[in-house]
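S.K.: Next comes run.txt, compact mmCIF, C-alpha atoms:
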```txt
# COMPACT_ATOMS: atom_id res chain seq x y z
CA MET A 1 0.00 0.00 0.00
CA LYS A 2 2.89 2.33 0.80
CA ALA A 3 4.34 1.76 -2.67
CA VAL A 4 0.96 2.69 -4.17
CA ALA A 5 0.94 5.89 -2.11
CA ILE A 6 4.44 6.78 -3.31
CA LEU A 7 3.49 6.15 -6.94
CA THR A 8 0.39 8.28 -6.46
CA ILE A 9 2.50 11.13 -5.09
CA MET A 10 4.91 10.87 -8.02
CA SER A 11 2.04 10.84 -10.51
CA LEU A 12 0.50 13.94 -8.97
CA LEU A 13 3.82 15.75 -9.07
CA GLN A 14 4.38 14.86 -12.72
CA LEU A 15 0.84 15.87 -13.69
CA SER A 16 1.14 19.20 -11.91
CA ILE A 17 4.33 19.99 -13.82
CA VAL A 18 2.63 19.24 -17.13
CA LEU A 19 -0.43 21.32 -16.32
CA GLY A 20 1.48 24.12 -14.62
CA MET A 21 -0.45 23.68 -11.36
CA PRO A 22 1.04 23.68 -7.85
CA ALA A 23 2.35 20.25 -6.92
CA ALA A 24 0.54 18.29 -4.23
CA ARG A 25 2.33 18.49 -0.90
CA PRO A 26 3.29 15.14 0.61
CA GLN A 27 2.61 16.59 4.07
CA ASP A 28 -0.99 17.30 3.06
CA LEU A 29 -1.75 13.67 2.25
CA THR A 30 -3.40 11.86 5.11
CA ASP A 31 -4.97 8.43 4.67
CA GLU A 32 -2.24 7.42 2.21
CA PHE A 33 0.30 7.57 4.99
CA PHE A 34 -1.74 5.76 7.61
CA ASN A 35 -2.85 3.03 5.22
CA GLY A 36 0.80 2.26 4.51
CA LEU A 37 2.19 2.60 8.02
CA PRO A 38 3.06 -0.79 9.57
CA ASP A 39 0.87 -1.57 12.54
CA PRO A 40 3.23 -2.79 15.28
CA GLU A 41 2.00 -5.50 17.63
CA PRO A 42 1.67 -4.53 21.30
CA ALA A 43 4.27 -6.33 23.40
CA GLY A 44 5.39 -6.70 26.99
CA ALA A 45 7.48 -8.83 29.30
CA PRO A 46 6.91 -12.58 28.90
CA PHE A 47 5.54 -14.79 31.64
CA GLY A 48 7.96 -17.07 33.46
CA THR A 49 11.03 -17.11 35.64
CA GLU A 50 13.52 -15.42 33.31
CA THR A 51 15.28 -12.60 35.14
CA SER A 52 15.73 -10.16 32.26
CA GLY A 53 15.09 -9.58 28.59
CA PRO A 54 17.55 -8.92 25.77
CA ALA A 55 19.59 -5.74 25.64
CA VAL A 56 18.20 -3.00 23.42
CA ASP A 57 20.14 -3.09 20.11
CA ARG A 58 20.63 0.60 19.36
CA SER A 59 22.77 -0.07 16.29
CA ALA A 60 19.96 -2.08 14.67
CA ILE A 61 17.52 0.77 15.35
CA ILE A 62 19.93 3.25 13.76
CA ASP A 63 20.44 1.04 10.70
CA ALA A 64 16.69 0.73 10.17
CA ALA A 65 16.17 4.49 10.56
CA VAL A 66 18.94 5.34 8.11
CA ALA A 67 17.68 2.80 5.56
CA GLN A 68 14.21 4.32 5.61
CA ALA A 69 15.45 7.92 5.62
CA THR A 70 17.70 7.42 2.59
CA ALA A 71 15.28 5.33 0.54
CA LEU A 72 13.73 8.43 -1.04
CA ASP A 73 14.07 12.14 -0.41
CA ALA A 74 10.38 12.49 0.47
CA PRO A 75 8.95 8.96 0.68
CA GLY A 76 5.40 9.82 1.65
CA ALA A 77 3.08 11.88 3.74
CA ASP A 78 4.30 13.29 7.00
CA PRO A 79 2.33 11.47 9.71
CA ALA A 80 1.75 14.76 11.53
CA LEU A 81 -1.60 15.96 10.28
CA THR A 82 -3.74 18.99 10.61
CA ASN A 83 -7.03 18.51 12.41
CA ASN A 84 -7.11 18.64 16.19
CA PRO A 85 -9.08 15.90 17.95
CA ASP A 86 -9.79 16.11 21.64
CA PRO A 87 -8.58 12.80 23.11
CA THR A 88 -9.96 11.61 26.42
CA GLU A 89 -8.04 9.51 28.90
CA PRO A 90 -9.36 5.93 29.05
CA GLU A 91 -10.77 4.84 32.40
CA LYS A 92 -8.60 2.78 34.69
CA LEU A 93 -9.03 -0.95 34.91
CA ARG A 94 -10.76 -2.21 38.04
CA LYS A 95 -8.44 -2.01 41.05
CA ARG A 96 -7.53 -5.21 42.82
CA SER A 97 -4.63 -4.68 45.21
CA PRO A 98 -3.52 -1.05 45.68
CA SER A 99 0.18 -0.23 45.47
CA SER A 100 -0.14 3.14 47.17
CA ASP A 101 2.88 2.60 49.43
CA ALA A 102 5.26 2.68 46.46
CA VAL A 103 7.33 5.87 46.31
CA THR A 104 7.51 7.50 42.89
CA PRO A 105 11.17 7.78 41.82
CA SER A 106 12.78 11.16 41.29
CA GLY A 107 12.40 12.32 37.70
CA TYR A 108 9.23 10.28 37.12
CA TYR A 109 5.50 10.70 37.62
CA LEU A 110 2.84 8.09 38.32
CA VAL A 111 0.62 7.38 35.30
CA PHE A 112 -1.54 4.59 36.74
CA SER A 113 -1.62 2.49 39.88
CA SER A 114 -2.87 -0.80 41.33
CA LEU A 115 -4.11 -2.44 38.15
CA ASN A 116 -4.58 -6.14 37.45
CA GLY A 117 -2.89 -6.08 34.05
CA ALA A 118 0.61 -5.47 32.68
CA THR A 119 1.37 -3.06 29.86
CA GLN A 120 1.27 -4.31 26.28
CA ALA A 121 2.43 -1.63 23.84
CA PRO A 122 4.26 -1.37 20.50
CA SER A 123 7.10 0.60 22.13
CA TYR A 124 8.21 -2.32 24.35
CA LEU A 125 11.98 -2.54 24.83
CA THR A 126 12.87 -5.21 27.40
CA PHE A 127 12.22 -6.29 31.00
CA LYS A 128 13.97 -7.08 34.27
CA SER A 129 12.98 -8.99 37.41
CA ILE A 130 13.74 -7.28 40.73
CA PRO A 131 13.95 -8.62 44.30
CA THR A 132 11.51 -6.18 45.94
CA TYR A 133 8.57 -4.03 44.88
CA ASP A 134 10.61 -0.84 44.53
CA PRO A 135 10.02 1.57 41.62
CA SER A 136 13.49 3.07 42.10
CA LEU A 137 15.04 -0.22 40.95
CA CYS A 138 13.03 -0.05 37.74
CA ALA A 139 13.92 3.63 37.31
CA ALA A 140 17.64 2.87 37.63
CA LYS A 141 17.38 0.32 34.83
CA CYS A 142 15.24 2.63 32.68
CA ASN A 143 17.79 5.41 33.13
CA SER A 144 20.50 3.09 31.81
CA ILE A 145 18.57 2.61 28.53
CA SER A 146 19.00 5.71 26.36
CA ASN A 147 15.53 5.59 24.84
CA CYS A 148 13.51 4.38 27.85
CA ARG A 149 10.69 6.79 28.72
CA PHE A 150 8.22 4.61 30.64
CA PHE A 151 8.20 1.52 32.84
CA ASN A 152 5.56 -0.81 34.22
CA LEU A 153 6.15 -2.37 37.65
CA TYR A 154 3.96 -5.32 38.59
CA ILE A 155 3.74 -8.66 40.40
CA GLU A 156 3.26 -11.87 38.46
CA ILE A 157 1.87 -14.90 40.30
CA ASN A 158 2.75 -18.16 38.57
CA ALA A 159 3.16 -21.83 39.48
CA ASN A 160 6.61 -21.14 40.94
CA GLY A 161 5.44 -18.33 43.18
CA GLN A 162 5.72 -14.56 42.93
CA ILE A 163 7.92 -12.59 40.51
CA ILE A 164 8.26 -8.81 40.55
CA LYS A 165 8.94 -7.42 37.09
CA CYS A 166 9.73 -4.12 35.42
CA SER A 167 8.96 -3.80 31.72
CA PHE A 168 10.41 -0.87 29.76
CA TYR A 169 9.02 1.19 26.88
CA SER A 170 10.20 3.99 24.62
CA ILE A 171 6.88 5.90 24.72
CA ARG A 172 4.60 6.70 27.63
CA SER A 173 1.63 4.35 27.99
CA THR A 174 -1.64 4.68 29.90
CA ALA A 175 -3.95 2.45 31.91
CA SER A 176 -5.76 1.31 28.78
CA SER A 177 -2.61 -0.53 27.62
CA ALA A 178 -2.49 -2.68 30.78
CA ILE A 179 -4.30 -5.52 29.03
CA ASN A 180 -2.03 -8.47 29.87
CA VAL A 181 -4.12 -9.91 32.70
CA GLY A 182 -2.52 -13.36 32.74
CA GLN A 183 -3.08 -16.74 31.14
CA TRP A 184 -3.37 -20.44 31.86
CA ARG A 185 0.02 -22.19 31.76
CA ASN A 186 0.36 -25.92 32.44
CA GLY A 187 -2.87 -26.00 34.42
CA PHE A 188 -2.04 -22.91 36.50
CA HIS A 189 -3.70 -19.53 36.04
CA VAL A 190 -0.92 -16.93 35.92
CA THR A 191 -2.17 -13.56 37.21
CA ILE A 192 -0.95 -9.97 37.41
CA ASN A 193 -1.48 -7.54 40.29
CA ASN A 194 -0.11 -4.31 41.76
CA SER A 195 0.62 -2.94 38.30
CA ASN A 196 1.94 0.63 38.38
CA GLY A 197 3.07 2.74 35.42
CA TYR A 198 5.70 5.51 35.62
CA ALA A 199 6.77 8.02 32.96
CA LYS A 200 9.82 10.28 32.83
CA TYR A 201 9.62 14.00 33.46
CA GLN A 202 13.06 14.38 31.93
CA PRO A 203 13.13 16.46 28.74
CA TYR A 204 14.78 14.97 25.72
CA PRO A 205 18.55 15.34 25.72
CA PRO A 206 20.43 17.78 23.52
CA VAL A 207 21.94 16.41 20.34
CA ASP A 208 25.51 17.23 19.36
CA GLY A 209 25.64 19.71 16.49
CA PHE A 210 21.98 20.74 16.83
CA MET A 211 19.98 23.35 18.75
CA VAL A 212 16.65 22.19 20.20
CA GLU A 213 13.29 23.93 20.64
CA THR A 214 10.20 22.53 22.36
CA LEU A 215 7.18 22.59 20.05
CA GLY A 216 3.45 22.57 20.69
CA GLY A 217 2.76 20.27 17.74
CA ALA A 218 4.52 18.73 14.77
CA ILE A 219 6.06 20.90 12.08
CA ASN A 220 4.04 21.68 8.96
CA GLY A 221 6.88 23.02 6.81
CA ARG A 222 6.18 25.15 3.76
CA ARG A 223 8.08 27.04 1.08
CA LEU A 224 8.98 30.48 2.41
CA ALA A 225 8.77 31.99 -1.09
CA PRO A 226 7.05 30.79 -4.31
CA GLY A 227 10.30 29.91 -6.07
CA ASP A 228 11.87 28.05 -3.15
CA PRO A 229 12.40 24.28 -3.30
CA ASP A 230 10.05 22.09 -1.31
CA PRO A 231 11.70 21.97 2.13
CA TYR A 232 10.16 18.66 3.21
CA MET A 233 12.54 15.70 2.90
CA GLY A 234 10.42 12.84 4.19
CA TYR A 235 10.36 11.00 7.49
CA THR A 236 11.47 7.86 9.25
CA SER A 237 9.70 5.90 11.97
CA ILE A 238 12.07 4.68 14.67
CA GLU A 239 11.67 2.14 17.47
CA ALA A 240 13.26 4.41 20.05
CA SER A 241 12.71 7.69 21.88
CA ASP A 242 16.17 8.97 21.06
CA PRO A 243 16.50 12.14 18.95
CA SER A 244 20.18 11.44 18.35
CA ILE A 245 19.06 8.61 16.06
CA CYS A 246 17.13 11.19 14.03
CA SER A 247 20.27 13.32 13.80
CA ILE A 248 22.27 10.37 12.50
CA ALA A 249 19.58 9.67 9.89
CA CYS A 250 19.55 13.38 8.96
CA GLU A 251 23.32 13.41 8.38
CA LYS A 252 23.25 10.11 6.50
CA LYS A 253 20.44 11.45 4.34
CA THR A 254 22.59 14.42 3.34
CA ALA A 255 25.56 12.15 2.66
CA TYR A 256 23.40 9.90 0.49
CA ASN A 257 22.05 12.87 -1.47
CA SER A 258 25.58 14.21 -1.99
CA ARG A 259 26.47 10.94 -3.70
CA HIS A 260 23.39 11.22 -5.92
CA PRO A 261 23.31 14.87 -7.07
CA SER A 262 20.70 16.30 -9.42
CA SER A 263 21.32 16.91 -13.12
CA GLU A 264 22.16 20.51 -12.16
CA GLY A 265 24.98 19.25 -9.93
CA THR A 266 23.27 20.10 -6.64
CA TYR A 267 21.94 18.06 -3.76
CA ARG A 268 19.49 18.56 -0.89
CA ALA A 269 20.96 18.79 2.62
CA CYS A 270 19.15 18.04 5.86
CA ASN A 271 19.42 21.07 8.16
CA PHE A 272 16.49 20.47 10.50
CA PHE A 273 14.45 17.61 11.89
CA ASN A 274 11.29 17.34 13.96
CA PHE A 275 11.25 14.58 16.58
CA TYR A 276 7.89 13.64 18.07
CA HIS A 277 5.69 10.84 19.34
CA LEU A 278 2.62 9.73 17.47
CA TYR A 279 -0.17 8.35 19.67
CA LYS A 280 -2.94 6.11 18.36
CA ASN A 281 -6.18 6.21 20.34
CA GLY A 282 -4.29 7.64 23.31
CA GLU A 283 -1.53 5.01 23.38
CA GLY A 284 2.11 5.37 22.35
CA TYR A 285 2.34 4.18 18.75
CA ARG A 286 5.36 5.48 16.84
CA THR A 287 8.33 7.80 17.19
CA ILE A 288 8.75 9.95 14.09
CA CYS A 289 11.62 11.98 12.64
CA SER A 290 10.63 14.40 9.86
CA PHE A 291 13.43 16.01 7.85
CA TYR A 292 13.69 19.44 6.23
CA LEU A 293 16.04 21.53 4.11
CA ILE A 294 15.67 24.55 6.38
CA PRO A 295 14.80 25.23 10.04
CA PHE A 296 11.25 25.97 11.16
CA ASP A 297 10.30 27.55 14.48
CA SER A 298 7.33 26.90 16.74
CA SER A 299 5.00 29.03 14.61
CA TYR A 300 5.03 26.19 12.06
CA ALA A 301 4.16 23.52 14.65
CA THR A 302 0.53 23.42 13.57
CA ASN A 303 0.02 19.68 13.16
CA HIS A 304 -1.78 18.29 16.21
CA GLY A 305 -3.42 15.11 15.02
CA TYR A 306 -5.73 13.33 12.66
CA SER A 307 -8.68 10.94 12.70
CA SER A 308 -8.89 8.14 10.15
CA HIS A 309 -11.11 5.06 9.86
CA GLY A 310 -12.19 5.23 13.48
CA ASP A 311 -8.66 5.71 14.83
CA ARG A 312 -7.44 8.92 16.43
CA TYR A 313 -3.80 9.96 16.04
CA THR A 314 -2.33 12.72 18.19
CA ILE A 315 1.07 14.37 18.57
CA ALA A 316 3.06 14.75 21.79
CA GLU A 317 6.63 15.38 22.96
CA SER A 318 7.51 17.32 19.82
CA TYR A 319 10.94 18.96 19.47
CA GLY A 320 12.62 20.83 16.64
CA TYR A 321 16.35 20.30 16.10
CA THR A 322 18.25 22.84 13.99
CA ARG A 323 21.69 22.03 12.65
CA ILE A 324 24.12 24.59 14.10
CA VAL A 325 26.19 24.73 10.90
CA GLN A 326 23.68 25.14 8.09
CA GLN A 327 24.49 23.58 4.73
CA GLY A 328 23.94 25.15 1.32
CA ASP A 329 21.72 27.99 0.17
CA GLY A 330 18.30 27.19 1.60
CA GLY A 331 19.48 23.62 1.96
CA ILE A 332 20.60 23.27 -1.67
CA VAL A 333 24.31 22.50 -1.96
CA ALA A 334 26.44 22.71 -5.10
CA SER A 335 28.37 19.47 -5.39
```
How does the structure come out when it is put into structure tokens?
M.R.:
Amino acid sequence: MKAVAILTIMSLLQLSIVLGMPAARPQDLTDEFFNGLPDPEPAGAPFGTETSGPAVDRSAIIDAAVAQATALDAPGADPALTNNPDPTEPEKLRKRSPSSDAVTPSGYYLVFSSLNGATQAPSYLTFKSIPTYDPSLCAAKCNSISNCRFFNLYIEINANGQIIKCSFYSIRSTASSAINVGQWRNGFHVTINNSNGYAKYQPYPPVDGFMVETLGGAINGRRLAPGDPDPYMGYTSIEASDPSICSIACEKKTAYNSRHPSSEGTYRACNFFNFYHLYKNGEGYRTICSFYLIPFDSSYATNHGYSSHGDRYTIAESYGYTRIVQQGDGGIVAS
């Protein structure tokens, strides 16, 4: 479906050139993007006696981001879209055993408490078992993972007894994602209780070589003058909440373009990227990096969300990163 969307974009661009009409803006397309976006499966820590999950492979995440970013200069619609739904927080699951004695770790805030289900979300990273019900132990592990932004602390009761687990995620989740309520295993009903969710207050870290600005929405970049080149350079969806991965993809995108200049001997350089989280129906869904030839300030952060086919997509934690040393004239570099 994504290939169809790309071909449609190319056809519209070619037709507009022939007819002398303004070309369709990839950022203005809506359903084409969402129809082609992979729908990640919610995930969480597995049941059982394992003490920890696999380490987060940052290099694999970077490789995937770079591959997508360099596939085409503007591969499809920016997932940040223009209408502004009013999401409501889902109700909590029924409480079973309150965990009110737990102390919220410094740098975090409590998202939900005392649920009977563990978090299942597409942004799952890994998990760790801990000896006592202590959120600070989960926080210490989360802080050691560069793209960890949320953890779920809960007690699993299985045939071998009680296990206290922390599961880690790259995007904040809510109570409505605590849907893993247990299962039957070898004749024993595994259950979950005392499930608490904690999210980081910590702002996103600075990125070497870039200046950062907090935005109220996602960037909706436009030509600043009629004769300017289209500043939008496409996007990549990453499985991490780490803007430095966006910066690597931005630089690699420029390097790729420099090796494939236009017939005029110029190439398009990435001088700005917008890092943000895309939420689907109130739950963390994707982390997006959108790339641009030129910087845009907060006045262009006008994309707040979109509704499509019964699903509601919203934008949060949006930041604009401007390359300190700008490349080219309006992002166009003579090779």
S.K.: Mind pulling up the distance from atom CA of A:Tyr276 to atom CA of A:Gly216?
M.R.: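 Interatomic distance, atom CA of A:Gly216 to atom CA of A:Tyr276: 10.3 Å.
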S.K.: Ranking A:Asn194, A:Ser106, A:Thr236, A:Asn220 by minimum distance to A:Ile248 and counting all atoms listed in the file, which one comes first?
M.R.: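 So, comparing all the options, the nearest one is A:Thr236.
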S.K.: Quick one: residues within 10 Å of stretch 135-144 of chain A, only C-alpha atoms, excluding same-chain residues fewer than 2 positions away - as a VMD selection string?
M.R.: chain A and resid 102 to 108 125 to 133 146 to 154 165 to 170 196 to 200
S.K.: Find, counting only C-alpha atoms, the residue in A:Lys280, A:His189, A:Lys252, A:Arg223 that gets nearest to A:Thr174.
M.R.: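 Nearest to A:Thr174: A:Lys280.
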S.K.: Just how far from atom CA of A:Phe291 is atom CA of A:Asp242, in Å to one decimal?
M.R.: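 Atom-to-atom, atom CA of A:Asp242 to atom CA of A:Phe291, that is 15.2 Å.
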S.K.: Atom CA of A:Leu110 and atom CA of A:Ala175, how far apart in Å?
M.R.: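 Going from atom CA of A:Ala175 over to atom CA of A:Leu110, I get 10.9 Å.
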S.K.: Using all atoms listed in the file, pick whichever of A:Asn303, A:Thr254, A:Ser244, A:Asn160 has the shortest atom-to-atom distance to A:Phe275.
M.R.: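 Distance minimum relative to A:Phe275 lands on A:Ser244.
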S.K.: For A:Ile192, list every protein, DNA or RNA residue within 9 Å, evaluated using all atoms listed in the file, and leave out those in the same chain fewer than 3 positions away; present the list as a list in words.
M.R.: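 The residues that qualify are Leu115, Asn116, Gly117, Ala118, Tyr154, Ile155, Glu156, Ile157, Asn180, Val181, Gly182 and Ser195 of chain A.
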S.K.: Determine the nearest neighbour of A:Ser173 from the options A:Gly234, A:Pro243, A:Gly282, A:Gly217, counting all atoms listed in the file.
M.R.: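 When distances to A:Ser173 are compared using all atoms listed in the file, the smallest one comes from A:Gly282.
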S.K.: Could you check the closest approach to A:Ile145 for each of A:Val207, A:Ser247, A:Ile332, A:Ala240 and tell me which residue wins, using only C-alpha atoms?
M.R.: A:Ala240
S.K.: Return the single residue from A:Ala178, A:Val325, A:Ala218, A:Val333 that is closest to A:Ser258, with distances computed using all atoms listed in the file.
M.R.: A:Val333
S.K.: Find the spatial neighbours of A:Ser335, counting only C-alpha atoms, within a cut-off of 9 Å - ignore same-chain residues fewer than 4 positions away - and output them as a list in words.
M.R.: Ser258, Arg259, Pro261, Gly265, Thr266 and Tyr267 of chain A
S.K.: Could you turn the residues from that selection into a file that holds C-alpha atoms, as a short mmCIF file (atom, residue, chain, number, x, y, z; two decimals), in the coordinates of the input?
M.R.:
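Result written to again_23.cif:
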```cif
data_model
loop_
_atom_site.label_atom_id
_atom_site.label_comp_id
_atom_site.auth_asym_id
_atom_site.auth_seq_id
_atom_site.Cartn_x
_atom_site.Cartn_y
_atom_site.Cartn_z
CA SER A 258 25.58 14.21 -1.99
CA ARG A 259 26.47 10.94 -3.70
CA PRO A 261 23.31 14.87 -7.07
CA GLY A 265 24.98 19.25 -9.93
CA THR A 266 23.27 20.10 -6.64
CA TYR A 267 21.94 18.06 -3.76
#
```
S.K.: Select, counting only C-alpha atoms, all protein, DNA and RNA residues no farther than 12 Å from (23.6, 20.0, 18.5) in file coordinates, and express the selection as a VMD selection string.
M.R.: chain A and resid 205 to 213 243 to 244 246 to 248 271 to 273 320 to 326
S.K.: Is there a way to complete stretch 229-256 of chain A with N, CA and C atoms and then write that out as a PDB file, in the coordinates of the input?
M.R.:
```pdb
ATOM      1  N   PRO A 229      12.626  25.731  -3.193  1.00  0.00           N
ATOM      2  CA  PRO A 229      12.400  24.280  -3.300  1.00  0.00           C
ATOM      3  C   PRO A 229      11.535  23.795  -2.140  1.00  0.00           C
ATOM      4  N   ASP A 230      10.855  22.700  -2.370  1.00  0.00           N
ATOM      5  CA  ASP A 230      10.050  22.090  -1.310  1.00  0.00           C
ATOM      6  C   ASP A 230      10.984  21.711  -0.160  1.00  0.00           C
ATOM      7  N   PRO A 231      10.758  22.237   1.044  1.00  0.00           N
ATOM      8  CA  PRO A 231      11.700  21.970   2.130  1.00  0.00           C
ATOM      9  C   PRO A 231      11.542  20.597   2.779  1.00  0.00           C
ATOM     10  N   TYR A 232      10.418  19.945   2.546  1.00  0.00           N
ATOM     11  CA  TYR A 232      10.160  18.660   3.210  1.00  0.00           C
ATOM     12  C   TYR A 232      10.978  17.553   2.567  1.00  0.00           C
ATOM     13  N   MET A 233      11.652  16.746   3.396  1.00  0.00           N
ATOM     14  CA  MET A 233      12.540  15.700   2.900  1.00  0.00           C
ATOM     15  C   MET A 233      12.102  14.302   3.317  1.00  0.00           C
ATOM     16  N   GLY A 234      10.893  14.162   3.809  1.00  0.00           N
ATOM     17  CA  GLY A 234      10.420  12.840   4.190  1.00  0.00           C
ATOM     18  C   GLY A 234      10.583  12.577   5.678  1.00  0.00           C
ATOM     19  N   TYR A 235      10.348  11.361   6.075  1.00  0.00           N
ATOM     20  CA  TYR A 235      10.360  11.000   7.490  1.00  0.00           C
ATOM     21  C   TYR A 235      10.911   9.595   7.654  1.00  0.00           C
ATOM     22  N   THR A 236      11.200   9.244   8.895  1.00  0.00           N
ATOM     23  CA  THR A 236      11.470   7.860   9.250  1.00  0.00           C
ATOM     24  C   THR A 236      10.781   7.572  10.569  1.00  0.00           C
ATOM     25  N   SER A 237      10.311   6.363  10.724  1.00  0.00           N
ATOM     26  CA  SER A 237       9.700   5.900  11.970  1.00  0.00           C
ATOM     27  C   SER A 237      10.724   5.047  12.695  1.00  0.00           C
ATOM     28  N   ILE A 238      11.024   5.395  13.947  1.00  0.00           N
ATOM     29  CA  ILE A 238      12.070   4.680  14.670  1.00  0.00           C
ATOM     30  C   ILE A 238      11.483   3.981  15.896  1.00  0.00           C
ATOM     31  N   GLU A 239      12.121   2.909  16.307  1.00  0.00           N
ATOM     32  CA  GLU A 239      11.670   2.140  17.470  1.00  0.00           C
ATOM     33  C   GLU A 239      12.463   2.571  18.698  1.00  0.00           C
ATOM     34  N   ALA A 240      12.513   3.873  18.916  1.00  0.00           N
ATOM     35  CA  ALA A 240      13.260   4.410  20.050  1.00  0.00           C
ATOM     36  C   ALA A 240      12.820   5.836  20.302  1.00  0.00           C
ATOM     37  N   SER A 241      12.980   6.284  21.548  1.00  0.00           N
ATOM     38  CA  SER A 241      12.710   7.690  21.880  1.00  0.00           C
ATOM     39  C   SER A 241      14.045   8.398  22.062  1.00  0.00           C
ATOM     40  N   ASP A 242      14.803   8.454  20.997  1.00  0.00           N
ATOM     41  CA  ASP A 242      16.170   8.970  21.060  1.00  0.00           C
ATOM     42  C   ASP A 242      16.397   9.897  19.866  1.00  0.00           C
ATOM     43  N   PRO A 243      16.343  11.222  20.085  1.00  0.00           N
ATOM     44  CA  PRO A 243      16.500  12.140  18.950  1.00  0.00           C
ATOM     45  C   PRO A 243      17.863  12.077  18.288  1.00  0.00           C
ATOM     46  N   SER A 244      18.868  11.545  18.991  1.00  0.00           N
ATOM     47  CA  SER A 244      20.180  11.440  18.350  1.00  0.00           C
ATOM     48  C   SER A 244      20.139  10.473  17.170  1.00  0.00           C
ATOM     49  N   ILE A 245      19.213   9.513  17.202  1.00  0.00           N
ATOM     50  CA  ILE A 245      19.060   8.610  16.060  1.00  0.00           C
ATOM     51  C   ILE A 245      18.523   9.378  14.856  1.00  0.00           C
ATOM     52  N   CYS A 246      17.620  10.330  15.118  1.00  0.00           N
ATOM     53  CA  CYS A 246      17.130  11.190  14.030  1.00  0.00           C
ATOM     54  C   CYS A 246      18.270  12.003  13.435  1.00  0.00           C
ATOM     55  N   SER A 247      19.155  12.500  14.304  1.00  0.00           N
ATOM     56  CA  SER A 247      20.270  13.320  13.800  1.00  0.00           C
ATOM     57  C   SER A 247      21.204  12.497  12.931  1.00  0.00           C
ATOM     58  N   ILE A 248      21.426  11.249  13.314  1.00  0.00           N
ATOM     59  CA  ILE A 248      22.270  10.370  12.500  1.00  0.00           C
ATOM     60  C   ILE A 248      21.614  10.139  11.140  1.00  0.00           C
ATOM     61  N   ALA A 249      20.299   9.879  11.157  1.00  0.00           N
ATOM     62  CA  ALA A 249      19.580   9.670   9.890  1.00  0.00           C
ATOM     63  C   ALA A 249      19.609  10.933   9.037  1.00  0.00           C
ATOM     64  N   CYS A 250      19.495  12.101   9.678  1.00  0.00           N
ATOM     65  CA  CYS A 250      19.550  13.380   8.960  1.00  0.00           C
ATOM     66  C   CYS A 250      20.892  13.542   8.250  1.00  0.00           C
ATOM     67  N   GLU A 251      21.981  13.278   8.969  1.00  0.00           N
ATOM     68  CA  GLU A 251      23.320  13.410   8.380  1.00  0.00           C
ATOM     69  C   GLU A 251      23.554  12.382   7.279  1.00  0.00           C
ATOM     70  N   LYS A 252      23.093  11.159   7.515  1.00  0.00           N
ATOM     71  CA  LYS A 252      23.250  10.110   6.500  1.00  0.00           C
ATOM     72  C   LYS A 252      22.428  10.430   5.253  1.00  0.00           C
ATOM     73  N   LYS A 253      21.290  11.060   5.468  1.00  0.00           N
ATOM     74  CA  LYS A 253      20.440  11.450   4.340  1.00  0.00           C
ATOM     75  C   LYS A 253      21.165  12.464   3.457  1.00  0.00           C
ATOM     76  N   THR A 254      21.814  13.444   4.098  1.00  0.00           N
ATOM     77  CA  THR A 254      22.590  14.420   3.340  1.00  0.00           C
ATOM     78  C   THR A 254      23.744  13.752   2.600  1.00  0.00           C
ATOM     79  N   ALA A 255      24.434  12.851   3.292  1.00  0.00           N
ATOM     80  CA  ALA A 255      25.560  12.150   2.660  1.00  0.00           C
ATOM     81  C   ALA A 255      25.094  11.341   1.457  1.00  0.00           C
ATOM     82  N   TYR A 256      23.953  10.681   1.605  1.00  0.00           N
ATOM     83  CA  TYR A 256      23.400   9.900   0.490  1.00  0.00           C
ATOM     84  C   TYR A 256      23.069  10.812  -0.687  1.00  0.00           C
TER      85      TYR A 256
END
```
